[in-house]
Amino acid sequence: MEEERHAVTLVVNGRAVTEEVEPRLLLSHFLRDNLGLTGTHVGCDTSQCGVCTVWVDGLPVKSCTVLTVQADGSEITTVEELTHDGVPHVVQQAFQREHGLQCGFCTPGALMLSAWHVDHYPGASDAEIREALDGLICRCTGYENIVRAVKRAQALQEEAPAAMAGQAREEASS
Ligand code: FES
Ligand code: FES
């Protein structure tokens, strides 16, 4: 018997997408298999590892815990959207500088969690960062460097507005 399908419309990385999906289809699989956004990884499919984290209506969510039909009408942001106009998010820059990844398998989830945290809690302490990353399992156990990368991202974030203000002053006086 053919499975019943439901029409859903989501805005994914700023683009509206309408598709007919089976009611059991997980958001993680919809993103990867239907939309080809394979930056979102799937590690356990049982809500334990956090590598499938995306933002749903601006909040970090493990996409394997959500049915696509439940996300109908939502705005989804995936790791592919972190880089804008060729400029990586400060968290991506910081992960590169601090070697915040080893095999890279958990990295999409780590980036989405970290970027959200840096954007919302720019002055978080090490302990708060560790707590925020609690739902992420890094099989390479690279947690120290991930925390270091988030601290570095906080510093880069702080420098960015100052650098932009300086640039604006230079442009105004030239
Ligand atoms: Fe979603 Fe592991 S794949 S939490
Ligand atoms: Fe390998 Fe985290 S870097 S799983």
# chains A, B, ... in the order shown; residues from 1 in each chain; ligands from 1
>>> residues_around(residues="Arg152 in chain A", least_positions_apart="6", cutoff="9 Å", atoms="only C-alpha atoms", output="compact mmCIF listing (two decimals) with N, CA, C and O atoms, in the first residue's frame")
# COMPACT_ATOMS: atom_id res chain seq x y z
N VAL A 90 32.25 33.86 12.01
CA VAL A 90 33.43 33.91 12.91
C VAL A 90 33.70 32.54 13.54
O VAL A 90 34.85 32.18 13.81
N VAL A 91 32.66 31.76 13.76
CA VAL A 91 32.85 30.44 14.35
C VAL A 91 33.60 29.52 13.38
O VAL A 91 34.45 28.73 13.79
N GLN A 93 35.74 30.55 11.13
CA GLN A 93 37.13 31.03 11.13
C GLN A 93 37.86 30.52 12.37
O GLN A 93 39.01 30.08 12.31
N ALA A 94 37.15 30.57 13.50
CA ALA A 94 37.78 30.17 14.76
C ALA A 94 38.04 28.66 14.80
O ALA A 94 39.08 28.22 15.31
N PHE A 95 37.14 27.86 14.28
CA PHE A 95 37.37 26.41 14.24
C PHE A 95 38.61 26.09 13.40
O PHE A 95 39.37 25.19 13.73
N ARG A 97 41.20 28.15 12.90
CA ARG A 97 42.42 28.62 13.59
C ARG A 97 42.77 27.77 14.79
O ARG A 97 43.94 27.58 15.12
N GLU A 98 41.77 27.29 15.51
CA GLU A 98 42.02 26.54 16.76
C GLU A 98 41.98 25.02 16.54
O GLU A 98 41.96 24.27 17.49
>>> residues_near_ligand(ligand="ligand 1", cutoff="10 Å", atoms="only C-alpha atoms and all ligand atoms", output="PyMOL selection string")
chain A and resi 26-29+40-54+61-66+106+109+135-137
>>> residues_around(residues="Gly14 in chain A", least_positions_apart="5", cutoff="10 Å", atoms="only C-alpha atoms", output="list in words")
Glu75, Ile76, Thr77 and Glu81 of chain A
>>> write_last_selection(atoms="C-alpha atoms", output="CSV table (one decimal), in the first residue's frame")
chain,number,residue,atom,x,y,z
A,75,GLU,CA,12.4,28.7,8.7
A,76,ILE,CA,15.4,26.3,8.6
A,77,THR,CA,19.0,27.3,8.6
A,81,GLU,CA,24.2,29.1,5.2
>>> select_by_dssp(residues="chain A", states="strand (DSSP E or B)", output="list of chain:residue names")
A:His6, A:Ala7, A:Val8, A:Thr9, A:Leu10, A:Val11, A:Val12, A:Arg15, A:Ala16, A:Val17, A:Thr18, A:Glu19, A:Glu20, A:Val21, A:Leu26, A:Thr53, A:Val54, A:Trp55, A:Val56, A:Leu59, A:Pro60, A:Val61, A:Lys62, A:Leu67, A:Glu75, A:Ile76, A:Thr77, A:His84, A:Val87
>>> closest_residue(among="A:Leu35, A:Leu133, A:Leu111, A:Val8", to="Glu20 in chain A", atoms="only C-alpha atoms")
A:Val8
>>> residues_near_ligand(ligand="ligand 2", cutoff="10 Å", atoms="only C-alpha atoms and all ligand atoms", output="PyMOL selection string")
chain A and resi 43+49+51+99-110+136-143+145-146
